[in-house]
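Here the structure is laid out as structure tokens; the discussion comes afterwards.
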Amino acid sequence: GLFFWPRKDTGVRRIACHPVPLCRAARKRLFTFQYFHFLKRMYVTQSNKDLSQRAKPKSDSVASPFRDLQQLDQEKRILHKIRPISPVQQPLSETRRQSELRETEAAAEAEGLITPGRPEPKDDRQWKEMKLRLEDLPGILARLSKIKLTALVVSTASAGFAMAPVPFDLTCFLLASFGTGLASCAANSINQFFEVPFDSNMNRTKNRPLVRGQISPLLAVCFAASCGVPGIALLTLAVNPLTGALGAFNIFLYTCCYTPMKRMSIANTWVGAVVGAIPPVMGWTAATGSLDAGALLLGGILYSWQFPHFNALSWGLREDYSRGGYCMMSVTHPALCRRVALRHCLALIGLSTMAPVLDVTTWTFPVISLPINLYISYLGFRFYRDADRSSSRKLFFCSLWHLPMLLLVMFSCKKSFLEKEDKGDLLSGSHGRALEIRLP
């Protein structure tokens, strides 16, 4: 609160009122509103003793209210206790179910699918070097060389050899197929050697031999060299130098260009498509010894087929590729991935139409191959429109049977060597008669 008090000046006598805080007036012992309130409170409390504050005495200790609940809980446990049933009284179905469960767990423990419940000794939990057994070596090398992919490469090379317009030579066919298979094994082995730190981050490739340590890197490189050198030598010396050069170029393109580009640019898909398009060209050159329009047509069909095949496969593996650090269209450019797949599905129709124009097949081939080409184009459009795992899976599985069926139809509709020879004789004969007519 504030109060006013008169201040006397030494000069002219006049009275002035100034507000002064209470803290300064406390030293003058002046009465304030707070002081009157304090006196009133003291008077009331002294007159009525009941109004003064008193300390409340501490109450006596009370028994815990949870004691009765605990006793009641114990009584309930005693009353509702269930006696164990002897094993003899169990029904037969329950006993059989338990026995089957034990047998399943024992079999899983024997196969190493689950770990037993007992704690492992310290020696088993420590790191141990995996010992290579001789009987396991063929399977390990087969996985190192990607035997399924190698079989696909050999089959496309064989299709190129069969489509060549020359008489079929069984010895040359076997040598070309064997040399192409060895070159493919070498390329795949070198590819796995380079990608060990990246394959370990992917669920699809974490069980490869080099990642798991089932085989040493030195042994893998030696296996690749023992496949690549004899394979290229066989193609060069036993078949022809052009086929050997194509095989060596394909190994270089796959290992030194495609493999490092997978972590640099999405252009690796186009480079990988070129790698997959070379084997049928090698089969054609092994049979004819030259690069013709038919060889380029087969290479173009394999080139376009790989885009719906691989793009649909990579769409379901986007998480794995992203975790492994690979730069794929499905990860960085999903819209482009779907467009490219649809574009090359439609390109298969145009390439099939070019086959009779280039005198490789008859005109029945584009007609017979049109339904399967339209079907894969329809699935490519579904993949482009829906952009989900279901459509990509359907397109991928369709591509697996589409290629062998297309090559089989192409082989059944190809022009035979005799027809081309007769046509060549007719052309040469008509050309000779024209020369005779021109001569005097």
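Ligands are numbered from 1 in the order shown, chains are lettered A, B, ... in the order of the structure tokens, and residues start at 1 in each chain.
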
Can you pull out every residue within 10 Å of Val331 of chain A, counting only C-alpha atoms, but drop anything in the same chain fewer than 3 positions away, and send it as a PDB file with N, CA and C atoms, in the first residue's frame?
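Result saved to selection_18.pdb:
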ATOM      1  N   ILE A 266      22.405 -46.391 -63.988  1.00  0.00           N
ATOM      2  CA  ILE A 266      21.373 -47.307 -64.463  1.00  0.00           C
ATOM      3  C   ILE A 266      21.653 -47.794 -65.880  1.00  0.00           C
ATOM      4  N   SER A 314      13.708 -57.230 -61.051  1.00  0.00           N
ATOM      5  CA  SER A 314      14.298 -56.242 -60.140  1.00  0.00           C
ATOM      6  C   SER A 314      13.236 -55.450 -59.390  1.00  0.00           C
ATOM      7  N   TRP A 315      12.005 -55.406 -59.915  1.00  0.00           N
ATOM      8  CA  TRP A 315      10.956 -54.655 -59.219  1.00  0.00           C
ATOM      9  C   TRP A 315      10.634 -55.290 -57.862  1.00  0.00           C
ATOM     10  N   LEU A 317      12.789 -56.934 -56.132  1.00  0.00           N
ATOM     11  CA  LEU A 317      14.015 -56.964 -55.342  1.00  0.00           C
ATOM     12  C   LEU A 317      14.559 -55.565 -55.086  1.00  0.00           C
ATOM     13  N   ARG A 318      13.688 -54.569 -55.079  1.00  0.00           N
ATOM     14  CA  ARG A 318      14.163 -53.192 -54.906  1.00  0.00           C
ATOM     15  C   ARG A 318      14.813 -52.977 -53.547  1.00  0.00           C
ATOM     16  N   GLU A 319      14.249 -53.581 -52.498  1.00  0.00           N
ATOM     17  CA  GLU A 319      14.841 -53.419 -51.169  1.00  0.00           C
ATOM     18  C   GLU A 319      16.228 -54.038 -51.112  1.00  0.00           C
ATOM     19  N   ASP A 320      16.367 -55.214 -51.731  1.00  0.00           N
ATOM     20  CA  ASP A 320      17.674 -55.870 -51.733  1.00  0.00           C
ATOM     21  C   ASP A 320      18.709 -55.071 -52.509  1.00  0.00           C
ATOM     22  N   TYR A 321      18.339 -54.585 -53.683  1.00  0.00           N
ATOM     23  CA  TYR A 321      19.283 -53.803 -54.484  1.00  0.00           C
ATOM     24  C   TYR A 321      19.654 -52.498 -53.779  1.00  0.00           C
ATOM     25  N   SER A 322      18.691 -51.889 -53.121  1.00  0.00           N
ATOM     26  CA  SER A 322      18.994 -50.652 -52.389  1.00  0.00           C
ATOM     27  C   SER A 322      19.914 -50.931 -51.211  1.00  0.00           C
ATOM     28  N   TYR A 326      23.261 -51.123 -55.185  1.00  0.00           N
ATOM     29  CA  TYR A 326      23.234 -51.230 -56.642  1.00  0.00           C
ATOM     30  C   TYR A 326      22.306 -50.166 -57.214  1.00  0.00           C
ATOM     31  N   CYS A 327      22.739 -49.555 -58.300  1.00  0.00           N
ATOM     32  CA  CYS A 327      21.980 -48.501 -58.954  1.00  0.00           C
ATOM     33  C   CYS A 327      21.149 -49.125 -60.068  1.00  0.00           C
ATOM     34  N   MET A 328      19.896 -49.443 -59.759  1.00  0.00           N
ATOM     35  CA  MET A 328      19.001 -50.076 -60.710  1.00  0.00           C
ATOM     36  C   MET A 328      17.842 -49.139 -61.040  1.00  0.00           C
ATOM     37  N   PRO A 334      11.800 -45.616 -61.040  1.00  0.00           N
ATOM     38  CA  PRO A 334      10.760 -46.654 -61.180  1.00  0.00           C
ATOM     39  C   PRO A 334       9.852 -46.451 -62.389  1.00  0.00           C
ATOM     40  N   ALA A 335       9.518 -45.198 -62.714  1.00  0.00           N
ATOM     41  CA  ALA A 335       8.658 -44.950 -63.879  1.00  0.00           C
ATOM     42  C   ALA A 335       9.376 -45.341 -65.168  1.00  0.00           C
ATOM     43  N   CYS A 337      11.668 -47.589 -65.435  1.00  0.00           N
ATOM     44  CA  CYS A 337      11.754 -49.051 -65.430  1.00  0.00           C
ATOM     45  C   CYS A 337      10.524 -49.674 -66.079  1.00  0.00           C
TER      46      CYS A 337
END

Determine, using only C-alpha atoms, which residues of segment 158-217 of chain A have any atom at most 12 Å from an atom of segment 228-248 of chain A, and tabulate each with its shortest atom pair and distance in Å to one decimal place, rows ordered by chain and then rising number, as JSON lines.
{"residue": "A:Phe161", "atom": "CA", "partner": "A:Thr243", "partner_atom": "CA", "distance": 11.4}
{"residue": "A:Asp169", "atom": "CA", "partner": "A:Val239", "partner_atom": "CA", "distance": 11.1}
{"residue": "A:Leu170", "atom": "CA", "partner": "A:Val239", "partner_atom": "CA", "distance": 11.9}
{"residue": "A:Thr171", "atom": "CA", "partner": "A:Val239", "partner_atom": "CA", "distance": 9.5}
{"residue": "A:Cys172", "atom": "CA", "partner": "A:Val239", "partner_atom": "CA", "distance": 6.4}
{"residue": "A:Phe173", "atom": "CA", "partner": "A:Val239", "partner_atom": "CA", "distance": 8.9}
{"residue": "A:Leu174", "atom": "CA", "partner": "A:Val239", "partner_atom": "CA", "distance": 10.0}
{"residue": "A:Leu175", "atom": "CA", "partner": "A:Val239", "partner_atom": "CA", "distance": 7.0}
{"residue": "A:Ala176", "atom": "CA", "partner": "A:Leu235", "partner_atom": "CA", "distance": 6.2}
{"residue": "A:Ser177", "atom": "CA", "partner": "A:Leu235", "partner_atom": "CA", "distance": 9.2}
{"residue": "A:Phe178", "atom": "CA", "partner": "A:Gly231", "partner_atom": "CA", "distance": 7.5}
{"residue": "A:Gly179", "atom": "CA", "partner": "A:Gly231", "partner_atom": "CA", "distance": 4.3}
{"residue": "A:Thr180", "atom": "CA", "partner": "A:Gly231", "partner_atom": "CA", "distance": 6.7}
{"residue": "A:Gly181", "atom": "CA", "partner": "A:Gly231", "partner_atom": "CA", "distance": 7.7}
{"residue": "A:Leu182", "atom": "CA", "partner": "A:Gly231", "partner_atom": "CA", "distance": 5.0}
{"residue": "A:Ala183", "atom": "CA", "partner": "A:Gly228", "partner_atom": "CA", "distance": 5.0}
{"residue": "A:Ser184", "atom": "CA", "partner": "A:Gly228", "partner_atom": "CA", "distance": 8.0}
{"residue": "A:Cys185", "atom": "CA", "partner": "A:Gly228", "partner_atom": "CA", "distance": 7.5}
{"residue": "A:Ala186", "atom": "CA", "partner": "A:Gly228", "partner_atom": "CA", "distance": 5.0}
{"residue": "A:Ala187", "atom": "CA", "partner": "A:Gly228", "partner_atom": "CA", "distance": 7.6}
{"residue": "A:Asn188", "atom": "CA", "partner": "A:Gly228", "partner_atom": "CA", "distance": 10.4}
{"residue": "A:Ser189", "atom": "CA", "partner": "A:Gly228", "partner_atom": "CA", "distance": 9.9}
{"residue": "A:Ile190", "atom": "CA", "partner": "A:Gly228", "partner_atom": "CA", "distance": 10.0}

Just the selected residues (C-alpha atoms), exported as a PDB file, in the first residue's frame, please.
ATOM      1  CA  PHE A 161      23.509 -72.265 -84.205  1.00  0.00           C
ATOM      2  CA  ASP A 169      27.376 -80.042 -87.997  1.00  0.00           C
ATOM      3  CA  LEU A 170      27.129 -81.982 -84.721  1.00  0.00           C
ATOM      4  CA  THR A 171      30.821 -81.755 -83.827  1.00  0.00           C
ATOM      5  CA  CYS A 172      30.965 -78.004 -84.321  1.00  0.00           C
ATOM      6  CA  PHE A 173      27.719 -77.636 -82.396  1.00  0.00           C
ATOM      7  CA  LEU A 174      29.046 -79.518 -79.349  1.00  0.00           C
ATOM      8  CA  LEU A 175      32.357 -77.645 -79.374  1.00  0.00           C
ATOM      9  CA  ALA A 176      30.643 -74.262 -79.670  1.00  0.00           C
ATOM     10  CA  SER A 177      28.185 -75.087 -76.870  1.00  0.00           C
ATOM     11  CA  PHE A 178      30.932 -76.379 -74.576  1.00  0.00           C
ATOM     12  CA  GLY A 179      33.191 -73.385 -75.220  1.00  0.00           C
ATOM     13  CA  THR A 180      30.304 -70.941 -74.647  1.00  0.00           C
ATOM     14  CA  GLY A 181      29.450 -72.684 -71.382  1.00  0.00           C
ATOM     15  CA  LEU A 182      33.040 -72.449 -70.137  1.00  0.00           C
ATOM     16  CA  ALA A 183      33.190 -68.751 -71.015  1.00  0.00           C
ATOM     17  CA  SER A 184      29.929 -68.156 -69.150  1.00  0.00           C
ATOM     18  CA  CYS A 185      31.212 -70.006 -66.064  1.00  0.00           C
ATOM     19  CA  ALA A 186      34.351 -67.872 -66.051  1.00  0.00           C
ATOM     20  CA  ALA A 187      32.406 -64.610 -66.355  1.00  0.00           C
ATOM     21  CA  ASN A 188      29.971 -65.528 -63.579  1.00  0.00           C
ATOM     22  CA  SER A 189      32.768 -66.600 -61.230  1.00  0.00           C
ATOM     23  CA  ILE A 190      34.672 -63.351 -61.713  1.00  0.00           C
TER      24      ILE A 190
END

If DSSP is run on the backbone, what residues of segment 246-290 of chain A are helix (DSSP H, G or I)? A reply as a PyMOL selection string would be ideal.
chain A and resi 246-261+268-288

Would you mind listing what lies within 10 Å of segment 195-212 of chain A as number ranges by chain, with only C-alpha atoms counted and same-chain residues fewer than 3 positions away left out?
A: 130, 139-144, 146, 189-192, 215-217, 219-220, 259-260, 263, 317, 319-326

Mind giving me the straight-line distance from atom CA of Leu336 of chain A to atom CA of Lys148 of chain A in Å, one decimal?
28.4 Å

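What separates atom CA of Arg393 of chain A from atom CA of Arg339 of chain A is a distance of 16.3 Å.
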
Could you list, as a CSV table (one decimal) with all heavy atoms, in the first residue's frame, every residue within 10 Å of segment 377-385 of chain A, counting only C-alpha atoms and ignoring same-chain residues fewer than 3 positions away?
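File out_4.csv, as written:
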chain,number,residue,atom,x,y,z
A,308,PRO,N,11.9,-56.7,-70.3
A,308,PRO,CA,10.8,-57.1,-69.4
A,308,PRO,C,11.2,-58.2,-68.4
A,308,PRO,O,10.6,-58.2,-67.3
A,308,PRO,CB,9.8,-57.6,-70.4
A,308,PRO,CG,10.5,-57.9,-71.7
A,308,PRO,CD,11.7,-56.9,-71.7
A,309,HIS,N,12.1,-59.0,-68.8
A,309,HIS,CA,12.5,-60.1,-67.9
A,309,HIS,C,13.2,-59.5,-66.6
A,309,HIS,O,12.8,-59.8,-65.5
A,309,HIS,CB,13.4,-61.1,-68.6
A,309,HIS,CG,14.0,-62.1,-67.7
A,309,HIS,ND1,13.4,-63.2,-67.2
A,309,HIS,CD2,15.3,-62.2,-67.3
A,309,HIS,CE1,14.2,-63.9,-66.5
A,309,HIS,NE2,15.4,-63.4,-66.5
A,311,ASN,N,13.6,-56.2,-65.7
A,311,ASN,CA,12.9,-55.1,-65.0
A,311,ASN,C,11.8,-55.7,-64.1
A,311,ASN,O,11.6,-55.1,-63.0
A,311,ASN,CB,12.4,-54.2,-66.0
A,311,ASN,CG,13.5,-53.3,-66.6
A,311,ASN,OD1,14.6,-53.6,-66.5
A,311,ASN,ND2,13.1,-52.3,-67.3
A,312,ALA,N,11.1,-56.7,-64.5
A,312,ALA,CA,10.1,-57.3,-63.7
A,312,ALA,C,10.7,-58.0,-62.5
A,312,ALA,O,10.2,-58.0,-61.4
A,312,ALA,CB,9.3,-58.3,-64.5
A,315,TRP,N,12.0,-55.4,-59.9
A,315,TRP,CA,11.0,-54.7,-59.2
A,315,TRP,C,10.6,-55.3,-57.9
A,315,TRP,O,10.4,-54.6,-56.9
A,315,TRP,CB,9.7,-54.6,-60.1
A,315,TRP,CG,8.7,-53.7,-59.5
A,315,TRP,CD1,7.6,-54.0,-58.7
A,315,TRP,CD2,8.6,-52.3,-59.7
A,315,TRP,NE1,6.9,-52.9,-58.4
A,315,TRP,CE2,7.4,-51.8,-59.0
A,315,TRP,CE3,9.3,-51.3,-60.5
A,315,TRP,CZ2,7.1,-50.4,-59.1
A,315,TRP,CZ3,9.0,-50.0,-60.5
A,315,TRP,CH2,7.8,-49.6,-59.8
A,334,PRO,N,11.8,-45.6,-61.0
A,334,PRO,CA,10.8,-46.7,-61.2
A,334,PRO,C,9.9,-46.5,-62.4
A,334,PRO,O,9.4,-47.4,-63.0
A,334,PRO,CB,10.0,-46.5,-59.9
A,334,PRO,CG,10.3,-45.2,-59.3
A,334,PRO,CD,11.7,-44.9,-59.8
A,335,ALA,N,9.5,-45.2,-62.7
A,335,ALA,CA,8.7,-44.9,-63.9
A,335,ALA,C,9.4,-45.3,-65.2
A,335,ALA,O,8.8,-45.9,-66.1
A,335,ALA,CB,8.2,-43.5,-63.9
A,336,LEU,N,10.7,-45.0,-65.3
A,336,LEU,CA,11.4,-45.4,-66.5
A,336,LEU,C,11.6,-46.9,-66.6
A,336,LEU,O,11.5,-47.5,-67.7
A,336,LEU,CB,12.8,-44.8,-66.4
A,336,LEU,CG,13.8,-45.1,-67.5
A,336,LEU,CD1,13.2,-44.5,-68.8
A,336,LEU,CD2,15.2,-44.5,-67.2
A,337,CYS,N,11.7,-47.6,-65.4
A,337,CYS,CA,11.8,-49.1,-65.4
A,337,CYS,C,10.5,-49.7,-66.1
A,337,CYS,O,10.6,-50.6,-66.9
A,337,CYS,CB,11.9,-49.5,-64.0
A,337,CYS,SG,11.9,-51.3,-63.8
A,338,ARG,N,9.3,-49.2,-65.7
A,338,ARG,CA,8.1,-49.7,-66.3
A,338,ARG,C,8.0,-49.3,-67.8
A,338,ARG,O,7.5,-50.2,-68.6
A,338,ARG,CB,6.9,-49.2,-65.5
A,338,ARG,CG,7.0,-49.6,-64.0
A,338,ARG,CD,5.6,-49.3,-63.3
A,338,ARG,NE,5.1,-48.0,-63.6
A,338,ARG,CZ,5.3,-47.0,-62.8
A,338,ARG,NH1,6.2,-47.1,-61.8
A,338,ARG,NH2,4.8,-45.8,-63.1
A,339,ARG,N,8.3,-48.1,-68.1
A,339,ARG,CA,8.2,-47.7,-69.5
A,339,ARG,C,9.1,-48.5,-70.4
A,339,ARG,O,8.7,-48.9,-71.5
A,339,ARG,CB,8.6,-46.2,-69.7
A,339,ARG,CG,7.5,-45.3,-69.2
A,339,ARG,CD,7.7,-43.9,-69.7
A,339,ARG,NE,9.0,-43.4,-69.5
A,339,ARG,CZ,9.4,-42.7,-68.5
A,339,ARG,NH1,8.5,-42.4,-67.5
A,339,ARG,NH2,10.6,-42.2,-68.4
A,340,VAL,N,10.4,-48.8,-70.0
A,340,VAL,CA,11.3,-49.5,-70.8
A,340,VAL,C,10.8,-51.0,-71.0
A,340,VAL,O,11.0,-51.6,-72.1
A,340,VAL,CB,12.7,-49.5,-70.2
A,340,VAL,CG1,13.7,-50.4,-70.8
A,340,VAL,CG2,13.3,-48.0,-70.3
A,341,ALA,N,10.3,-51.5,-69.9
A,341,ALA,CA,9.8,-52.9,-70.1
A,341,ALA,C,8.6,-53.0,-71.1
A,341,ALA,O,8.6,-53.9,-71.9
A,341,ALA,CB,9.3,-53.4,-68.7
A,342,LEU,N,7.7,-52.1,-71.0
A,342,LEU,CA,6.6,-52.1,-72.0
A,342,LEU,C,7.1,-51.8,-73.4
A,342,LEU,O,6.6,-52.4,-74.4
A,342,LEU,CB,5.6,-51.0,-71.6
A,342,LEU,CG,4.4,-50.8,-72.5
A,342,LEU,CD1,3.6,-52.1,-72.7
A,342,LEU,CD2,3.5,-49.7,-72.0
A,343,ARG,N,8.1,-50.9,-73.5
A,343,ARG,CA,8.6,-50.5,-74.9
A,343,ARG,C,9.2,-51.7,-75.6
A,343,ARG,O,9.0,-52.0,-76.8
A,343,ARG,CB,9.6,-49.4,-74.7
A,343,ARG,CG,10.1,-48.8,-75.9
A,343,ARG,CD,11.1,-47.7,-75.6
A,343,ARG,NE,10.6,-46.7,-74.6
A,343,ARG,CZ,11.3,-46.0,-73.8
A,343,ARG,NH1,12.6,-46.2,-73.8
A,343,ARG,NH2,10.7,-45.2,-73.0
A,344,HIS,N,10.0,-52.5,-74.8
A,344,HIS,CA,10.6,-53.7,-75.4
A,344,HIS,C,9.7,-54.9,-75.6
A,344,HIS,O,10.0,-55.7,-76.4
A,344,HIS,CB,11.9,-54.0,-74.6
A,344,HIS,CG,13.0,-53.1,-74.8
A,344,HIS,ND1,13.9,-53.2,-75.9
A,344,HIS,CD2,13.4,-52.0,-74.1
A,344,HIS,CE1,14.8,-52.2,-75.8
A,344,HIS,NE2,14.5,-51.5,-74.8
A,345,CYS,N,8.6,-54.9,-74.8
A,345,CYS,CA,7.6,-55.9,-75.1
A,345,CYS,C,7.0,-55.7,-76.5
A,345,CYS,O,6.8,-56.6,-77.3
A,345,CYS,CB,6.5,-55.9,-74.0
A,345,CYS,SG,7.0,-56.6,-72.5
A,346,LEU,N,6.7,-54.4,-76.8
A,346,LEU,CA,6.2,-54.1,-78.1
A,346,LEU,C,7.2,-54.3,-79.2
A,346,LEU,O,6.9,-54.6,-80.4
A,346,LEU,CB,5.6,-52.7,-78.1
A,346,LEU,CG,4.5,-52.4,-77.1
A,346,LEU,CD1,4.2,-50.9,-77.1
A,346,LEU,CD2,3.3,-53.2,-77.5
A,347,ALA,N,8.5,-54.1,-78.8
A,347,ALA,CA,9.6,-54.2,-79.8
A,347,ALA,C,9.7,-55.7,-80.3
A,347,ALA,O,10.1,-55.9,-81.4
A,347,ALA,CB,10.9,-53.7,-79.3
A,348,LEU,N,9.3,-56.6,-79.4
A,348,LEU,CA,9.4,-58.0,-79.8
A,348,LEU,C,8.4,-58.3,-81.0
A,348,LEU,O,8.7,-59.2,-81.9
A,348,LEU,CB,9.0,-58.9,-78.6
A,348,LEU,CG,10.1,-59.0,-77.5
A,348,LEU,CD1,9.5,-59.7,-76.3
A,348,LEU,CD2,11.4,-59.6,-78.0
A,349,ILE,N,7.3,-57.6,-81.1
A,349,ILE,CA,6.4,-57.8,-82.2
A,349,ILE,C,7.0,-57.3,-83.5
A,349,ILE,O,7.0,-58.0,-84.5
A,349,ILE,CB,5.1,-57.1,-81.9
A,349,ILE,CG1,4.4,-57.6,-80.6
A,349,ILE,CG2,4.1,-57.2,-83.1
A,349,ILE,CD1,3.2,-56.8,-80.2
A,371,PRO,N,0.3,-64.1,-81.0
A,371,PRO,CA,-0.4,-64.3,-79.7
A,371,PRO,C,0.5,-64.2,-78.5
A,371,PRO,O,0.1,-63.5,-77.5
A,371,PRO,CB,-1.1,-65.7,-79.8
A,371,PRO,CG,-1.2,-65.9,-81.3
A,371,PRO,CD,0.0,-65.3,-81.9
A,372,ILE,N,1.6,-64.9,-78.5
A,372,ILE,CA,2.5,-64.8,-77.3
A,372,ILE,C,3.1,-63.5,-77.1
A,372,ILE,O,3.3,-63.0,-76.0
A,372,ILE,CB,3.5,-66.0,-77.4
A,372,ILE,CG1,4.4,-65.9,-78.6
A,372,ILE,CG2,2.9,-67.3,-77.3
A,372,ILE,CD1,5.5,-66.9,-78.7
A,373,ASN,N,3.4,-62.8,-78.3
A,373,ASN,CA,4.0,-61.5,-78.2
A,373,ASN,C,2.9,-60.5,-77.7
A,373,ASN,O,3.3,-59.6,-76.9
A,373,ASN,CB,4.5,-61.0,-79.5
A,373,ASN,CG,5.8,-61.7,-79.9
A,373,ASN,OD1,6.5,-62.2,-79.1
A,373,ASN,ND2,6.0,-61.9,-81.2
A,374,LEU,N,1.7,-60.6,-78.1
A,374,LEU,CA,0.6,-59.8,-77.6
A,374,LEU,C,0.4,-60.0,-76.1
A,374,LEU,O,0.1,-59.1,-75.3
A,374,LEU,CB,-0.7,-60.0,-78.4
A,374,LEU,CG,-0.7,-59.4,-79.8
A,374,LEU,CD1,-2.0,-59.8,-80.5
A,374,LEU,CD2,-0.5,-57.9,-79.8
A,388,ASP,N,2.9,-52.8,-59.3
A,388,ASP,CA,2.9,-53.5,-58.1
A,388,ASP,C,3.6,-54.9,-58.2
A,388,ASP,O,4.1,-55.2,-59.3
A,388,ASP,CB,1.5,-53.8,-57.6
A,388,ASP,CG,0.6,-54.5,-58.6
A,388,ASP,OD1,1.1,-54.8,-59.7
A,388,ASP,OD2,-0.6,-54.7,-58.3
A,389,ARG,N,3.8,-55.6,-57.1
A,389,ARG,CA,4.5,-56.8,-57.1
A,389,ARG,C,3.8,-57.9,-57.9
A,389,ARG,O,4.4,-58.8,-58.5
A,389,ARG,CB,4.8,-57.3,-55.7
A,389,ARG,CG,5.8,-56.4,-55.0
A,389,ARG,CD,6.1,-56.9,-53.6
A,389,ARG,NE,7.0,-56.1,-52.9
A,389,ARG,CZ,8.3,-56.3,-52.9
A,389,ARG,NH1,8.8,-57.3,-53.6
A,389,ARG,NH2,9.1,-55.5,-52.2
A,390,SER,N,2.5,-57.9,-57.9
A,390,SER,CA,1.7,-58.9,-58.5
A,390,SER,C,1.9,-58.8,-60.1
A,390,SER,O,2.2,-59.9,-60.7
A,390,SER,CB,0.2,-58.8,-58.2
A,390,SER,OG,-0.6,-59.7,-58.9
A,391,SER,N,1.8,-57.7,-60.6
A,391,SER,CA,2.0,-57.5,-62.1
A,391,SER,C,3.4,-57.8,-62.5
A,391,SER,O,3.6,-58.4,-63.6
A,391,SER,CB,1.5,-56.1,-62.5
A,391,SER,OG,2.3,-55.1,-61.8
A,392,SER,N,4.4,-57.4,-61.7
A,392,SER,CA,5.8,-57.6,-62.0
A,392,SER,C,6.1,-59.1,-62.0
A,392,SER,O,6.8,-59.7,-62.8
A,392,SER,CB,6.7,-56.9,-61.1
A,392,SER,OG,6.6,-57.4,-59.8
A,393,ARG,N,5.5,-59.8,-61.0
A,393,ARG,CA,5.7,-61.3,-60.9
A,393,ARG,C,5.1,-62.0,-62.1
A,393,ARG,O,5.7,-63.0,-62.6
A,393,ARG,CB,5.1,-61.8,-59.6
A,393,ARG,CG,5.5,-63.2,-59.2
A,393,ARG,CD,4.9,-63.7,-58.0
A,393,ARG,NE,5.2,-62.8,-56.8
A,393,ARG,CZ,4.3,-62.0,-56.2
A,393,ARG,NH1,3.1,-62.0,-56.6
A,393,ARG,NH2,4.7,-61.2,-55.2
A,394,LYS,N,3.9,-61.6,-62.5
A,394,LYS,CA,3.3,-62.2,-63.7
A,394,LYS,C,4.1,-62.0,-65.0
A,394,LYS,O,4.3,-62.9,-65.8
A,394,LYS,CB,1.9,-61.7,-63.9
A,394,LYS,CG,0.9,-62.2,-62.8
A,394,LYS,CD,-0.5,-61.6,-63.1
A,394,LYS,CE,-1.5,-62.0,-62.0
A,394,LYS,NZ,-2.8,-61.4,-62.2
A,395,LEU,N,4.6,-60.8,-65.1
A,395,LEU,CA,5.5,-60.5,-66.3
A,395,LEU,C,6.8,-61.3,-66.3
A,395,LEU,O,7.2,-61.8,-67.3
A,395,LEU,CB,5.8,-59.0,-66.3
A,395,LEU,CG,6.6,-58.5,-67.5
A,395,LEU,CD1,6.0,-58.9,-68.8
A,395,LEU,CD2,6.9,-57.0,-67.4
A,396,PHE,N,7.3,-61.5,-65.1
A,396,PHE,CA,8.6,-62.2,-65.0
A,396,PHE,C,8.4,-63.7,-65.3
A,396,PHE,O,9.2,-64.3,-66.1
A,396,PHE,CB,9.2,-62.1,-63.6
A,396,PHE,CG,10.3,-63.0,-63.3
A,396,PHE,CD1,11.6,-62.7,-63.9
A,396,PHE,CD2,10.2,-64.1,-62.5
A,396,PHE,CE1,12.6,-63.6,-63.6
A,396,PHE,CE2,11.3,-64.9,-62.2
A,396,PHE,CZ,12.5,-64.7,-62.8
A,398,CYS,N,6.0,-65.0,-67.1
A,398,CYS,CA,5.7,-65.1,-68.5
A,398,CYS,C,6.9,-65.0,-69.4
A,398,CYS,O,7.0,-65.8,-70.4
A,398,CYS,CB,4.7,-64.0,-68.9
A,398,CYS,SG,4.3,-63.9,-70.7
A,399,SER,N,7.9,-64.2,-69.0
A,399,SER,CA,9.1,-64.1,-69.8
A,399,SER,C,9.9,-65.4,-69.7
A,399,SER,O,10.7,-65.7,-70.7
A,399,SER,CB,10.0,-63.0,-69.3
A,399,SER,OG,10.5,-63.2,-67.9

With a distance cut-off of 12 Å and only C-alpha atoms, select the neighbouring residues of Ile368 of chain A, excluding the residue or stretch itself and same-chain residues fewer than 2 positions from it, and output the selection as a PyMOL selection string.
chain A and resi 349+352-353+361-366+370-374+405-410+412-413

Could you turn the residues from that selection into a file that holds C-alpha atoms, as an mmCIF file, in the first residue's frame?
data_model
loop_
_atom_site.group_PDB
_atom_site.id
_atom_site.type_symbol
_atom_site.label_atom_id
_atom_site.label_comp_id
_atom_site.auth_asym_id
_atom_site.auth_seq_id
_atom_site.Cartn_x
_atom_site.Cartn_y
_atom_site.Cartn_z
ATOM 1 C CA ILE A 349 6.389 -57.820 -82.190
ATOM 2 C CA SER A 352 9.320 -60.951 -85.178
ATOM 3 C CA THR A 353 7.877 -59.217 -88.230
ATOM 4 C CA THR A 361 11.924 -67.373 -91.502
ATOM 5 C CA THR A 362 8.730 -67.720 -93.472
ATOM 6 C CA TRP A 363 5.783 -65.361 -93.148
ATOM 7 C CA THR A 364 4.011 -67.815 -90.888
ATOM 8 C CA PHE A 365 6.382 -66.943 -88.016
ATOM 9 C CA PRO A 366 5.025 -63.432 -87.315
ATOM 10 C CA LEU A 370 1.747 -62.814 -82.539
ATOM 11 C CA PRO A 371 -0.433 -64.274 -79.702
ATOM 12 C CA ILE A 372 2.466 -64.849 -77.305
ATOM 13 C CA ASN A 373 3.968 -61.471 -78.179
ATOM 14 C CA LEU A 374 0.625 -59.779 -77.586
ATOM 15 C CA MET A 405 8.512 -70.825 -77.064
ATOM 16 C CA LEU A 406 9.419 -67.929 -79.351
ATOM 17 C CA LEU A 407 12.718 -69.552 -80.337
ATOM 18 C CA LEU A 408 10.977 -72.884 -80.894
ATOM 19 C CA VAL A 409 8.378 -71.284 -83.174
ATOM 20 C CA MET A 410 11.145 -69.417 -84.963
ATOM 21 C CA SER A 412 9.994 -74.433 -86.860
ATOM 22 C CA CYS A 413 9.323 -71.606 -89.333
#

Mind pulling up the distance from atom CA of Met329 of chain A to atom CA of Gly316 of chain A?
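According to the coordinates, atom CA of Gly316 of chain A and atom CA of Met329 of chain A are separated by 12.1 Å.
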